[in-house]
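One file, coords_36.txt, is given below (compact mmCIF, C-alpha atoms).
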# COMPACT_ATOMS: atom_id res chain seq x y z
CA MET R 436 41.64 173.68 129.37
CA ARG R 437 44.13 175.95 131.12
CA TYR R 438 45.19 175.41 134.67
CA THR R 439 46.02 178.21 137.00
CA THR R 440 48.94 177.85 139.29
CA VAL R 441 48.19 177.59 142.99
CA GLY R 442 51.39 179.34 143.97
CA ARG R 443 54.25 177.96 146.00
CA PRO R 444 52.95 175.50 148.59
CA GLU R 445 53.33 176.34 152.24
CA GLY R 446 53.88 172.82 153.49
CA GLN R 447 56.86 171.91 151.33
CA ARG R 448 58.59 170.25 154.26
CA ARG R 449 55.59 168.00 154.85
CA ASP R 450 55.48 167.09 151.16
CA LEU R 451 59.15 166.21 151.25
CA MET R 452 58.61 164.07 154.35
CA ILE R 453 55.80 162.20 152.60
CA LEU R 454 58.07 161.62 149.60
CA ALA R 455 60.90 160.41 151.84
CA ALA R 456 58.51 158.00 153.59
CA LEU R 457 57.32 156.68 150.23
CA VAL R 458 60.91 156.18 149.01
CA ALA R 459 61.63 154.21 152.19
CA LEU R 460 58.45 152.16 151.70
CA ALA R 461 59.40 151.47 148.06
CA TRP R 462 62.84 150.32 149.18
CA PHE R 463 61.22 148.07 151.80
CA LEU R 464 58.83 146.59 149.22
CA SER R 465 61.60 145.85 146.73
CA SER R 466 63.65 144.10 149.42
CA LEU R 467 60.78 141.73 150.37
CA GLU R 468 61.17 138.02 149.74
CA VAL R 469 59.51 136.54 146.66
CA GLU R 470 56.84 134.78 148.78
CA ARG R 471 55.76 138.04 150.42
CA LYS R 472 55.76 139.88 147.10
CA LEU R 473 53.59 137.10 145.68
CA ALA R 474 51.18 137.36 148.61
CA LEU R 475 50.93 141.16 148.21
CA THR R 476 50.47 140.95 144.44
CA GLY R 477 47.88 138.20 144.84
CA ALA R 478 45.92 140.22 147.41
CA ILE R 479 45.85 143.30 145.17
CA ARG R 480 44.87 141.28 142.09
CA ALA R 481 42.11 139.52 144.04
CA THR R 482 40.59 142.73 145.43
CA VAL R 483 41.20 146.15 143.87
CA LEU R 484 42.25 144.82 140.46
CA ALA R 485 39.81 141.87 140.35
CA PRO R 486 37.39 143.46 137.82
CA PHE R 487 40.28 144.34 135.50
CA VAL R 488 41.96 140.94 135.82
CA SER R 489 38.73 139.10 135.02
CA ALA R 490 38.09 141.46 132.08
CA HIS R 491 41.59 140.66 130.73
CA ALA R 492 40.89 136.95 131.03
CA ARG R 493 37.66 137.39 129.04
CA PHE R 494 39.41 139.46 126.34
CA GLU R 495 42.14 136.86 126.05
CA LEU R 496 39.71 133.97 125.91
CA ARG R 497 37.67 135.55 123.11
CA GLY R 498 40.66 136.63 121.09
CA GLU R 499 42.67 133.46 121.34
CA LEU R 500 40.14 130.67 121.45
CA THR R 501 40.44 129.64 117.80
CA ALA R 502 44.21 130.06 117.64
CA ARG R 503 44.61 128.21 120.94
CA ALA R 504 42.51 125.25 119.75
CA ALA R 505 44.62 124.93 116.57
CA ARG R 506 47.84 125.18 118.58
CA LEU R 507 46.64 122.57 121.07
CA GLU R 508 45.70 120.17 118.26
CA GLU R 509 49.14 120.57 116.74
CA GLU R 510 50.80 120.01 120.12
CA ARG R 511 48.61 116.96 120.79
CA ASP R 512 49.64 115.36 117.49
CA ARG R 513 53.31 116.02 118.15
CA LEU R 514 53.01 114.60 121.66
CA ALA R 515 51.21 111.51 120.36
CA ARG R 516 54.13 110.82 118.01
CA LEU R 517 56.61 111.31 120.85
CA ALA R 518 54.59 109.05 123.14
CA LEU R 519 54.59 106.27 120.54
CA ARG R 520 58.38 106.46 120.28
CA ALA R 521 58.73 106.68 124.07
CA THR R 522 56.79 103.44 124.60
CA ASP R 523 59.53 101.43 122.87
CA LEU R 524 62.26 103.32 124.69
CA ASP R 525 60.55 102.75 128.05
CA ALA R 526 60.34 99.00 127.50
CA GLU R 527 63.97 98.89 126.39
CA ASN R 528 65.01 100.94 129.40
CA VAL R 529 63.22 98.60 131.81
CA ARG R 530 64.88 95.55 130.20
CA LEU R 531 68.37 97.10 130.34
CA ARG R 532 67.98 98.27 133.95
CA ALA R 533 66.80 94.77 134.92
CA LEU R 534 69.88 93.28 133.23
CA LEU R 535 72.16 95.65 135.15
CA GLY R 536 70.31 95.05 138.42
CA LEU R 537 69.30 98.72 138.71
CA PRO R 538 66.08 99.87 140.44
CA PRO R 539 63.25 101.40 138.33
CA ARG R 540 63.97 104.87 136.97
CA MET R 541 62.42 107.62 139.13
CA THR R 542 61.57 110.57 136.93
CA GLY R 543 58.82 112.22 138.93
CA ASP R 544 55.60 113.44 137.41
CA TYR R 545 54.23 116.53 135.65
CA VAL R 546 51.30 118.79 136.50
CA ALA R 547 49.62 120.65 133.62
CA ALA R 548 49.07 124.34 134.28
CA GLU R 549 47.92 127.55 132.62
CA LEU R 550 50.63 130.19 132.55
CA VAL R 551 49.79 133.88 132.99
CA PRO R 552 52.78 135.96 131.89
CA GLY R 553 53.66 139.23 133.60
CA ARG R 554 53.06 142.29 131.46
CA PRO R 555 55.41 145.13 132.34
CA ALA R 556 54.67 148.44 130.59
CA VAL R 557 58.32 148.71 129.58
CA GLY R 558 60.55 145.84 128.46
CA ASP R 559 59.86 142.13 128.21
CA SER R 560 58.22 140.01 130.87
CA HIS R 561 60.51 137.79 132.90
CA THR R 562 57.96 136.49 135.41
CA PHE R 563 54.71 134.52 135.36
CA LEU R 564 51.92 133.13 137.50
CA LEU R 565 50.70 129.52 137.29
CA ARG R 566 47.19 128.47 138.21
CA VAL R 567 48.43 125.49 140.22
CA GLY R 568 49.92 125.49 143.69
CA ALA R 569 50.65 123.58 146.85
CA GLU R 570 47.44 121.51 146.50
CA GLN R 571 48.94 119.77 143.46
CA GLY R 572 52.02 118.75 145.46
CA LEU R 573 54.37 121.36 143.98
CA SER R 574 57.39 122.67 145.82
CA ALA R 575 59.80 125.42 144.76
CA PRO R 576 62.20 125.67 143.04
CA VAL R 577 61.12 123.33 140.27
CA ALA R 578 61.25 123.23 136.46
CA VAL R 579 58.51 124.48 134.12
CA VAL R 580 58.55 122.94 130.65
CA ASN R 581 56.43 122.71 127.53
CA PRO R 582 56.68 120.29 124.59
CA ALA R 583 59.35 122.52 122.98
CA GLY R 584 61.64 122.54 126.02
CA LEU R 585 62.54 124.37 129.21
CA VAL R 586 60.37 127.43 129.90
CA GLY R 587 61.55 128.54 133.34
CA VAL R 588 61.45 127.79 137.02
CA VAL R 589 58.87 128.06 139.79
CA ARG R 590 60.27 130.29 142.54
CA SER R 591 57.41 130.32 145.03
CA VAL R 592 54.36 128.14 145.66
CA ALA R 593 51.21 129.30 147.41
CA SER R 594 47.68 127.98 147.71
CA GLY R 595 46.17 127.69 144.23
CA LYS R 596 48.96 129.59 142.47
CA SER R 597 52.68 129.66 141.92
CA PHE R 598 55.08 132.40 140.93
CA GLY R 599 57.92 131.74 138.53
CA GLU R 600 60.58 133.20 136.29
CA PHE R 601 61.14 132.57 132.59
CA TRP R 602 64.61 131.49 131.46
CA SER R 603 65.00 135.09 130.21
CA HIS R 604 65.09 136.39 133.82
CA PRO R 605 68.54 137.85 134.64
CA ASP R 606 68.89 135.54 137.69
CA PHE R 607 68.14 132.35 135.75
CA ARG R 608 70.84 129.67 135.50
CA VAL R 609 70.63 126.02 134.42
CA SER R 610 73.24 123.33 134.13
CA VAL R 611 73.21 121.65 130.70
CA ARG R 612 75.00 118.97 128.70
CA ALA R 613 75.18 118.17 125.02
CA ASP R 614 72.42 115.83 123.87
CA SER R 615 75.00 113.50 122.33
CA GLY R 616 78.72 113.59 122.91
CA PRO R 617 80.81 115.44 125.46
CA GLY R 618 80.34 119.04 126.56
CA ALA R 619 78.62 120.62 129.54
CA GLY R 620 78.23 124.08 131.02
CA ILE R 621 75.88 126.57 132.58
CA ILE R 622 73.30 128.58 130.65
CA ARG R 623 72.25 132.14 131.41
CA PRO R 624 70.16 134.65 129.43
CA VAL R 625 71.90 137.33 127.39
CA ALA R 626 70.61 140.19 125.22
CA SER R 627 71.71 140.03 121.58
CA SER R 628 72.74 143.12 119.61
CA SER R 629 69.25 143.23 118.08
CA GLY R 630 67.67 143.42 121.54
CA GLU R 631 66.39 139.84 121.39
CA THR R 632 67.06 137.67 124.44
CA LEU R 633 69.16 134.60 123.71
CA MET R 634 71.03 132.15 125.92
CA LEU R 635 74.73 132.06 126.65
CA LEU R 636 76.40 128.75 127.49
CA GLU R 637 79.45 129.32 129.69
CA GLY R 638 82.10 127.20 131.31
CA VAL R 639 82.46 124.60 128.58
CA PRO R 640 85.90 122.99 128.97
CA PHE R 641 88.23 124.34 126.28
CA GLN R 642 89.04 120.91 124.83
CA MET R 643 85.31 120.06 124.43
CA GLY R 644 84.33 122.29 121.53
CA LEU R 645 80.64 122.20 120.53
CA ALA R 646 79.61 122.33 116.89
CA PRO R 647 76.81 124.72 115.79
CA GLY R 648 73.52 122.85 115.83
CA THR R 649 74.36 120.76 118.90
CA ARG R 650 71.24 120.26 121.01
CA LEU R 651 71.60 121.07 124.71
CA VAL R 652 69.53 119.37 127.40
CA THR R 653 69.30 119.80 131.17
CA ALA R 654 71.98 117.93 133.09
CA GLY R 655 69.66 117.17 135.99
CA VAL R 656 72.22 118.27 138.56
CA GLY R 657 70.73 119.71 141.75
CA GLY R 658 67.21 118.30 141.55
CA VAL R 659 65.54 121.48 140.26
CA TYR R 660 65.39 120.41 136.60
CA PRO R 661 64.84 116.82 135.46
CA SER R 662 67.54 115.42 133.25
CA GLY R 663 67.16 115.50 129.45
CA ILE R 664 64.79 118.47 128.94
CA PRO R 665 65.69 120.35 125.71
CA VAL R 666 67.07 123.81 126.51
CA GLY R 667 68.38 125.09 123.18
CA THR R 668 70.64 124.67 120.18
CA VAL R 669 74.20 125.99 119.86
CA LEU R 670 74.38 128.87 117.36
CA GLN R 671 78.04 129.91 117.42
CA GLU R 672 81.01 130.33 119.72
CA ALA R 673 80.86 133.61 121.67
CA GLU R 674 84.36 133.72 123.12
CA SER R 675 87.09 131.58 124.60
CA GLN R 676 88.97 132.47 127.77
CA SER R 677 92.69 132.06 127.25
CA GLY R 678 92.54 128.37 126.58
CA TRP R 679 90.54 127.56 129.75
CA SER R 680 86.92 127.54 128.73
CA ARG R 681 84.59 128.42 125.88
CA SER R 682 81.20 130.10 125.73
CA TYR R 683 78.52 129.76 123.06
CA ARG R 684 75.44 131.66 121.95
CA VAL R 685 72.40 129.36 122.13
CA GLU R 686 69.04 129.54 120.39
CA PRO R 687 66.40 128.75 123.07
CA ALA R 688 64.09 125.79 122.56
CA ALA R 689 61.05 127.57 124.06
CA ARG R 690 60.22 131.26 123.68
CA PRO R 691 58.40 132.86 126.67
CA ALA R 692 56.12 134.87 124.36
CA GLU R 693 54.77 131.69 122.76
CA VAL R 694 53.94 129.85 125.96
CA GLY R 695 50.35 129.43 127.18
CA PHE R 696 50.10 126.03 128.82
CA VAL R 697 52.99 124.34 130.56
CA LEU R 698 53.94 121.28 132.57
CA VAL R 699 55.39 121.72 136.03
CA TRP R 700 57.72 118.99 137.21
CA ARG R 701 56.67 117.25 140.42
CA ARG R 702 59.96 115.76 141.51
CA PRO R 703 59.90 112.42 143.33
CA SER R 704 59.93 112.78 147.10
CA MET R 705 62.61 111.18 149.28
CA GLU R 706 60.07 108.55 150.38
CA GLU R 707 59.56 107.59 146.75
CA LEU R 708 63.29 107.60 146.03
CA VAL R 709 64.64 105.70 149.02
CA PRO R 710 62.93 102.33 148.42
CA ALA R 711 64.14 102.51 144.83
CA LEU R 712 67.78 102.78 145.83
CA PRO R 713 69.85 99.59 145.68
CA PRO R 714 71.11 98.20 149.01
CA PRO R 715 74.39 99.73 150.20
CA VAL R 716 77.37 98.19 148.46
CA GLY R 717 79.06 97.41 151.81
CA ASP R 718 76.38 94.83 152.68
CA THR R 719 77.23 92.67 149.70
CA ILE R 720 80.99 92.64 150.22
CA ARG R 721 82.30 89.41 151.61
CA VAL R 722 85.73 89.36 153.22
CA SER R 723 87.97 86.83 151.58
CA GLY R 724 87.88 83.56 153.51
CA GLU R 725 84.44 84.13 155.04
CA SER R 726 81.83 81.57 154.20
CA MET L 402 27.24 174.71 138.66
CA THR L 403 29.95 177.34 139.07
CA GLU L 404 32.80 177.49 136.57
CA GLN L 405 35.28 176.32 139.20
CA ARG L 406 33.18 173.28 140.12
CA ARG L 407 32.57 172.44 136.48
CA THR L 408 36.31 172.56 135.78
CA ALA L 409 36.98 170.32 138.77
CA ALA L 410 34.31 167.85 137.63
CA VAL L 411 35.75 167.74 134.11
CA HIS L 412 39.21 167.23 135.52
CA ALA L 413 38.16 164.41 137.87
CA THR L 414 36.19 162.67 135.10
CA VAL L 415 39.13 162.82 132.68
CA VAL L 416 41.54 161.42 135.27
CA PHE L 417 39.09 158.62 136.20
CA VAL L 418 38.48 157.66 132.55
CA LEU L 419 42.22 157.66 131.79
CA LEU L 420 43.18 155.52 134.79
CA SER L 421 40.33 153.00 134.38
CA SER L 422 41.03 152.75 130.63
CA HIS L 423 44.68 152.06 131.37
CA PHE L 424 43.93 149.13 133.66
CA LEU L 425 41.08 147.84 131.48
CA PHE L 426 42.91 147.90 128.15
CA ARG L 427 46.40 147.27 129.53
CA PRO L 428 47.03 143.97 127.65
CA PHE L 429 46.44 145.75 124.32
CA LEU L 430 48.35 148.88 125.31
CA VAL L 431 51.56 147.17 126.46
CA ALA L 432 51.61 144.80 123.49
CA SER L 433 52.16 147.45 120.80
CA PHE L 434 55.37 149.29 119.88
CA VAL L 435 53.81 152.73 120.31
CA SER L 436 50.93 153.16 122.74
CA PRO L 437 49.63 155.96 124.95
CA ASN L 438 50.66 155.73 128.58
CA LEU L 439 47.27 156.53 130.08
CA LEU L 440 48.48 155.73 133.62
CA VAL L 441 51.16 158.43 133.55
CA GLY L 442 48.82 160.76 131.62
CA GLY L 443 46.15 160.39 134.31
CA LEU L 444 48.69 160.83 137.09
CA LEU L 445 50.19 163.95 135.52
CA LEU L 446 46.76 165.51 135.04
CA ALA L 447 45.84 164.69 138.64
CA THR L 448 49.04 166.30 139.93
CA LEU L 449 47.94 169.60 138.37
CA ARG L 450 45.41 169.94 141.17
CA LEU L 451 47.16 168.19 144.04
CA ARG L 452 49.77 169.17 146.58
CA ALA L 453 53.17 167.59 145.88
CA GLY L 454 52.90 165.20 148.85
CA TYR L 455 49.47 163.93 147.86
CA ALA L 456 50.56 163.69 144.22
CA ALA L 457 53.45 161.48 145.35
CA LEU L 458 51.03 159.35 147.39
CA LEU L 459 48.74 158.96 144.38
CA GLY L 460 51.72 158.06 142.19
CA PHE L 461 52.88 155.48 144.71
CA GLY L 462 49.42 153.89 144.89
CA LEU L 463 49.06 153.75 141.12
CA GLY L 464 52.58 152.34 140.82
CA PHE L 465 51.69 149.65 143.32
CA LEU L 466 48.61 148.66 141.30
CA GLU L 467 50.64 148.73 138.08
CA ALA L 468 53.32 146.48 139.60
CA ALA L 469 50.65 144.04 140.81
CA MET L 470 49.19 143.94 137.31
CA ALA L 471 52.60 143.53 135.68
CA LEU L 472 53.81 140.98 138.29
CA GLU L 473 57.12 142.87 138.31
CA GLY L 474 58.72 145.94 139.88
CA ILE L 475 56.77 145.87 143.17
CA GLY L 476 59.17 148.41 144.71
CA GLN L 477 60.59 150.20 141.69
CA THR L 478 57.38 151.12 139.83
CA PRO L 479 55.73 152.81 142.87
CA LEU L 480 59.00 154.68 143.50
CA VAL L 481 59.21 156.02 139.93
CA LEU L 482 55.55 157.06 139.83
CA ALA L 483 55.77 158.68 143.30
CA LEU L 484 58.73 160.74 142.04
CA VAL L 485 56.82 161.60 138.85
CA GLY L 486 53.83 162.73 140.92
CA TYR L 487 55.96 164.81 143.26
CA LEU L 488 58.06 166.41 140.51
CA GLY L 489 54.94 166.96 138.38
CA ALA L 490 53.24 168.91 141.16
CA ARG L 491 56.40 170.87 141.94
CA SER L 492 57.12 171.71 138.29
CA ARG L 493 53.56 173.01 137.90
CA ASP L 494 54.35 175.65 140.52
CA LEU L 495 57.78 176.43 139.14
CA LEU L 496 56.71 176.69 135.49
CA PHE L 497 54.06 178.85 133.89
CA ALA L 498 50.85 176.92 134.28
CA ASP L 499 48.91 179.72 132.61
CA ALA L 500 50.73 179.30 129.30
CA ARG L 501 48.45 178.31 126.43
CA TYR L 502 50.02 174.97 125.60
CA PHE L 503 51.40 174.26 129.06
CA THR L 504 49.28 171.14 129.63
CA LEU L 505 50.26 169.50 126.34
CA VAL L 506 53.97 170.23 126.79
CA TYR L 507 53.73 169.17 130.44
CA LEU L 508 52.06 165.85 129.49
CA PHE L 509 54.55 165.19 126.69
CA ALA L 510 57.65 165.93 128.77
CA GLY L 511 56.25 164.25 131.89
CA THR L 512 55.33 161.03 130.07
CA TRP L 513 58.68 160.88 128.29
CA ILE L 514 60.60 161.39 131.54
CA ALA L 515 58.40 158.87 133.38
CA GLU L 516 58.87 156.17 130.73
CA VAL L 517 62.64 156.67 130.66
CA GLY L 518 62.64 156.56 134.48
CA MET L 519 60.65 153.30 134.44
CA LEU L 520 63.10 151.84 131.95
CA ILE L 521 66.13 152.74 134.05
CA PHE L 522 64.76 152.03 137.55
CA ALA L 523 62.25 149.22 136.97
CA VAL L 524 63.85 147.37 134.05
CA GLY L 525 67.46 148.40 134.72
CA GLU L 526 68.37 148.73 131.06
CA LEU L 527 69.09 151.47 128.52
CA HIS L 528 67.55 150.95 125.08
CA PRO L 529 68.40 153.95 122.86
CA GLY L 530 65.66 152.93 120.42
CA TYR L 531 63.06 153.02 123.18
CA ILE L 532 64.32 156.28 124.70
CA LEU L 533 64.65 158.19 121.42
CA VAL L 534 61.83 156.74 119.27
CA SER L 535 59.21 154.66 121.05
CA SER L 536 59.01 156.69 124.26
CA PRO L 537 58.65 160.17 122.63
CA LEU L 538 55.95 158.78 120.34
CA ASP L 539 54.17 157.29 123.39
CA ALA L 540 54.44 160.68 125.08
CA ALA L 541 53.08 162.58 122.07
CA LEU L 542 50.18 160.14 121.72
CA THR L 543 49.44 160.42 125.45
CA ALA L 544 49.38 164.22 125.29
CA VAL L 545 47.07 164.21 122.26
CA ILE L 546 44.66 161.65 123.77
CA CYS L 547 44.51 163.47 127.10
CA GLY L 548 43.89 166.78 125.31
CA VAL L 549 41.15 165.36 123.10
CA LEU L 550 39.49 163.58 126.03
CA GLU L 551 39.53 166.73 128.07
CA LYS L 552 37.89 168.72 125.27
CA ALA L 553 35.27 165.99 124.80
CA VAL L 554 34.39 165.70 128.50
CA SER L 555 34.35 169.48 128.80
CA ALA L 556 31.91 169.73 125.89
CA ILE L 557 29.67 167.01 127.36
CA LEU L 558 29.54 168.55 130.84
CA SER L 559 29.08 172.14 129.68
Target encoding structure tokens, full file:
Amino acid sequence: MRYTTVGRPEGQRRDLMILAALVALAWFLSSLEVERKLALTGAIRATVLAPFVSAHARFELRGELTARAARLEEERDRLARLALRATDLDAENVRLRALLGLPPRMTGDYVAAELVPGRPAVGDSHTFLLRVGAEQGLSAPVAVVNPAGLVGVVRSVASGKSFGEFWSHPDFRVSVRADSGPGAGIIRPVASSSGETLMLLEGVPFQMGLAPGTRLVTAGVGGVYPSGIPVGTVLQEAESQSGWSRSYRVEPAARPAEVGFVLVWRRPSMEELVPALPPPVGDTIRVSGES
Amino acid sequence: MTEQRRTAAVHATVVFVLLSSHFLFRPFLVASFVSPNLLVGGLLLATLRLRAGYAALLGFGLGFLEAAMALEGIGQTPLVLALVGYLGARSRDLLFADARYFTLVYLFAGTWIAEVGMLIFAVGELHPGYILVSSPLDAALTAVICGVLEKAVSAILS
């Protein structure tokens, strides 16, 4: 089909004004807070895009049902083995803490959730939606994990859903330590020369070199990520900064593309934590000579 | 039905089919290395019959829906598609819309430019492989699919 030109438009100024208004609106939208963006996205997905979103869910369910069942069975078996080992460790931990006079360990709880990854037309997805929200007692920011390790972080919680970012998101940072032995630093995502997204561990003290193959786990500093969640494995040293610190390339423990179901950490509340704290040390100090 | 009305009906049908197919089959389309960009194809075809301002509005609306579907780029994607709509409508007037292969060249160039724009504005990265290989192939496939669809709808409605 051939189209005939309609000639030069008369209202070019009006067209330009519309474009300028749209540019301003786009700038306003991009500067909105995550919560407002989530609300807008949710409203659009629940109304105009609802037929398409439900069709996608049906496509996915049909296509992945068999593969998902096999994957879940495999995960269940692995978790069963871990749980068996953890039972012994738990009992040992309780005994040791009792010997030291420490209160019970407060690790919080996990909520299982289905993860819906974002699907940008260009590039990889760095964001996701979870089908759990404020009703399950979640509060942002909080860690999202799967049996392999750290997946990302929940940035915003709404009713019935949460919005989060994978570890591959440019803004993602997590404090880590070596699983065994000294060495700690901060992890951020980095693109490799092949275009694949890896992790970069930075700020490792120069004298604490890490060997390739060292497992890195969350340090638990800050209360966003629980301590001891696998994050990745050291591949090789990336660079050292004039004898001050070292950085390492890290192979991630969990790949965003392979994630379907996750566990969201429900950190213990202050009310849960406070009774577990030991009495202040000052109360037990006796001044010499006092009876 | 007059020829003008028939042409308009064919045009509207093609744009509707392209845009609904994009949102319906989006998970399959974005998962492959080379895939037609039916959203941009539909938008570019629509801009052939719209004023530049309305084309920008349509682009902005489609970009907003696309960002909601992708869960990313809520400001950037509408901006890029609004610019594509506006520039598409303006270039139609500046170029020779009567030329035999204008629509195919227009769709190819428009899709390529739009995908590169999305990469730069929405993703904020420059992948030479995407810009020089994947994106031109996407654009060529988009132009071919739009052309074939137009012929098919035209034959059905004639």
Item to check | Among the residues R:Pro576, R:Pro486, R:Gly587, R:Pro538, the one that comes closest to Phe424 in chain L [using all atoms listed in the file] | outcome: R:Pro486
Next on the checklist: What's the separation between CA of Thr482 in chain R and CA of Leu439 in chain L, in Å to one decimal place?
Outcome noted: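 One can read the CA of Thr482 in chain R to CA of Leu439 in chain L distance as 21.7 Å.
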Checklist entry - Which residues come within 12 Å of Leu446 in chain L, counting all atoms listed in the file, excluding same-chain residues fewer than 2 positions away, as JSON, numbers by chain? => result {"R": [436, 437, 438], "L": [409, 411, 412, 413, 414, 415, 416, 417, 418, 419, 420, 439, 440, 441, 442, 443, 444, 448, 449, 450, 451, 456, 459, 460, 485, 486, 489, 490, 493, 503, 504, 505, 506, 507, 508, 509, 511, 512, 543, 544, 547, 548, 550, 551]}
Next on the checklist: So that I can see what lies close to Ala453 in chain L, please list as a ChimeraX atom specification the residues with an atom at most 12 Å from it, counting all atoms listed in the file and leaving out residues fewer than 5 positions away in the same chain.
Outcome noted: /R:441,443-454 /L:444-445,447-448,458-460,483-494
Same residues, C-alpha atoms, saved as a PDB file, in the coordinates of the input:
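Result written to result-v7.pdb:
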ATOM      1  CA  VAL R 441      48.190 177.590 142.990  1.00  0.00           C
ATOM      2  CA  ARG R 443      54.250 177.960 146.000  1.00  0.00           C
ATOM      3  CA  PRO R 444      52.950 175.500 148.590  1.00  0.00           C
ATOM      4  CA  GLU R 445      53.330 176.340 152.240  1.00  0.00           C
ATOM      5  CA  GLY R 446      53.880 172.820 153.490  1.00  0.00           C
ATOM      6  CA  GLN R 447      56.860 171.910 151.330  1.00  0.00           C
ATOM      7  CA  ARG R 448      58.590 170.250 154.260  1.00  0.00           C
ATOM      8  CA  ARG R 449      55.590 168.000 154.850  1.00  0.00           C
ATOM      9  CA  ASP R 450      55.480 167.090 151.160  1.00  0.00           C
ATOM     10  CA  LEU R 451      59.150 166.210 151.250  1.00  0.00           C
ATOM     11  CA  MET R 452      58.610 164.070 154.350  1.00  0.00           C
ATOM     12  CA  ILE R 453      55.800 162.200 152.600  1.00  0.00           C
ATOM     13  CA  LEU R 454      58.070 161.620 149.600  1.00  0.00           C
TER      14      LEU R 454
ATOM     15  CA  LEU L 444      48.690 160.830 137.090  1.00  0.00           C
ATOM     16  CA  LEU L 445      50.190 163.950 135.520  1.00  0.00           C
ATOM     17  CA  ALA L 447      45.840 164.690 138.640  1.00  0.00           C
ATOM     18  CA  THR L 448      49.040 166.300 139.930  1.00  0.00           C
ATOM     19  CA  LEU L 458      51.030 159.350 147.390  1.00  0.00           C
ATOM     20  CA  LEU L 459      48.740 158.960 144.380  1.00  0.00           C
ATOM     21  CA  GLY L 460      51.720 158.060 142.190  1.00  0.00           C
ATOM     22  CA  ALA L 483      55.770 158.680 143.300  1.00  0.00           C
ATOM     23  CA  LEU L 484      58.730 160.740 142.040  1.00  0.00           C
ATOM     24  CA  VAL L 485      56.820 161.600 138.850  1.00  0.00           C
ATOM     25  CA  GLY L 486      53.830 162.730 140.920  1.00  0.00           C
ATOM     26  CA  TYR L 487      55.960 164.810 143.260  1.00  0.00           C
ATOM     27  CA  LEU L 488      58.060 166.410 140.510  1.00  0.00           C
ATOM     28  CA  GLY L 489      54.940 166.960 138.380  1.00  0.00           C
ATOM     29  CA  ALA L 490      53.240 168.910 141.160  1.00  0.00           C
ATOM     30  CA  ARG L 491      56.400 170.870 141.940  1.00  0.00           C
ATOM     31  CA  SER L 492      57.120 171.710 138.290  1.00  0.00           C
ATOM     32  CA  ARG L 493      53.560 173.010 137.900  1.00  0.00           C
ATOM     33  CA  ASP L 494      54.350 175.650 140.520  1.00  0.00           C
TER      34      ASP L 494
END
Item to check | Between CA of Ser560 in chain R and CA of Pro691 in chain R, distance in Å (one decimal) | outcome: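 Between these atoms lies a distance of 8.3 Å.
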Item to check | Exercise: residues within 10 Å of coordinate (59.1, 113.8, 146.0), counting only C-alpha atoms, as a PyMOL selection string | outcome: chain R and resi 541-544+572-574+701-708
Checklist outcome for this item: Shortest contact to chain L, candidates R:Arg540, R:His561, R:Arg511, R:Arg532, atoms counted all atoms listed in the file, goes to R:His561
Checklist entry - Skipping near chain neighbours, those fewer than 2 positions away, what residues fall within 9 Å of Phe607 in chain R using only C-alpha atoms, listed as a list in words? => result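 Using only C-alpha atoms, the neighbours found are Gly587, Val588, Glu600, Phe601, Trp602, Ser603, His604, Pro605, Val609, Ile622, Arg623 and Pro624 of chain R.
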Next on the checklist: If the cut-off is 8 Å, can you tell me the residues of chain L near chain R, counting all atoms listed in the file? I'd like them as a PyMOL selection string.
Outcome noted: chain L and resi 424-426+428+431+449+452-455+457-458+461+466+468-477+479-480+483-484+487+493-495+497-501+503-504+516+519-520+524+551-552
Next on the checklist: Can you measure CA of Leu565 in chain R to CA of Val694 in chain R for me? One decimal in Å is fine.
Outcome noted: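 If I compute the distance from CA of Leu565 in chain R to CA of Val694 in chain R, I get 11.8 Å.
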How big is the axis-aligned box, and where does its centre sit, when it encloses all atoms of range 504-507 of chain L listed in the file and has 6 Å added on every side, reported in Å to one decimal as AutoDock Vina command-line options?
--center_x 51.6 --center_y 170.2 --center_z 128.4 --size_x 16.7 --size_y 14.0 --size_z 16.1
Next on the checklist: When you count only C-alpha atoms, which of these residues is closest to Tyr545 in chain R: R:Met643, R:Ala578, R:Ala619, R:Val592?
Outcome noted: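 Nearest to Tyr545 in chain R: R:Ala578.
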Next on the checklist: Using all atoms listed in the file, which protein or nucleic acid residues come within 12 Å of Glu404 in chain L? Drop anything in the same chain fewer than 3 positions from it, and give the result as a ChimeraX atom specification.
Outcome noted: /L:407-411,555,558-559
Taking C-alpha atoms for each residue, export the selection above as a compact mmCIF listing (two decimals), keeping the file's coordinate frame.
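Listed below is the output, result-v9.txt:
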# COMPACT_ATOMS: atom_id res chain seq x y z
CA ARG L 407 32.57 172.44 136.48
CA THR L 408 36.31 172.56 135.78
CA ALA L 409 36.98 170.32 138.77
CA ALA L 410 34.31 167.85 137.63
CA VAL L 411 35.75 167.74 134.11
CA SER L 555 34.35 169.48 128.80
CA LEU L 558 29.54 168.55 130.84
CA SER L 559 29.08 172.14 129.68
Item to check | Among the residues L:Ala432, L:Leu482, L:Val534, L:Val545, the one that comes closest to Tyr502 in chain L [using all atoms listed in the file] | outcome: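 Between L:Ala432, L:Leu482, L:Val534, L:Val545, the residue approaching Tyr502 in chain L most closely is L:Val545.
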Next on the checklist: Around (56.6, 123.4, 116.6), as given in the file, which residues come within 8 Å? Count only C-alpha atoms and list them as a list in words.
Outcome noted: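 Checking each residue against the 8 Å limit leaves Glu509, Glu510 and Ala583 of chain R.
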Restrict the selected residues to C-alpha atoms and save them as a compact mmCIF listing (two decimals), keeping the file's coordinate frame.
# COMPACT_ATOMS: atom_id res chain seq x y z
CA GLU R 509 49.14 120.57 116.74
CA GLU R 510 50.80 120.01 120.12
CA ALA R 583 59.35 122.52 122.98
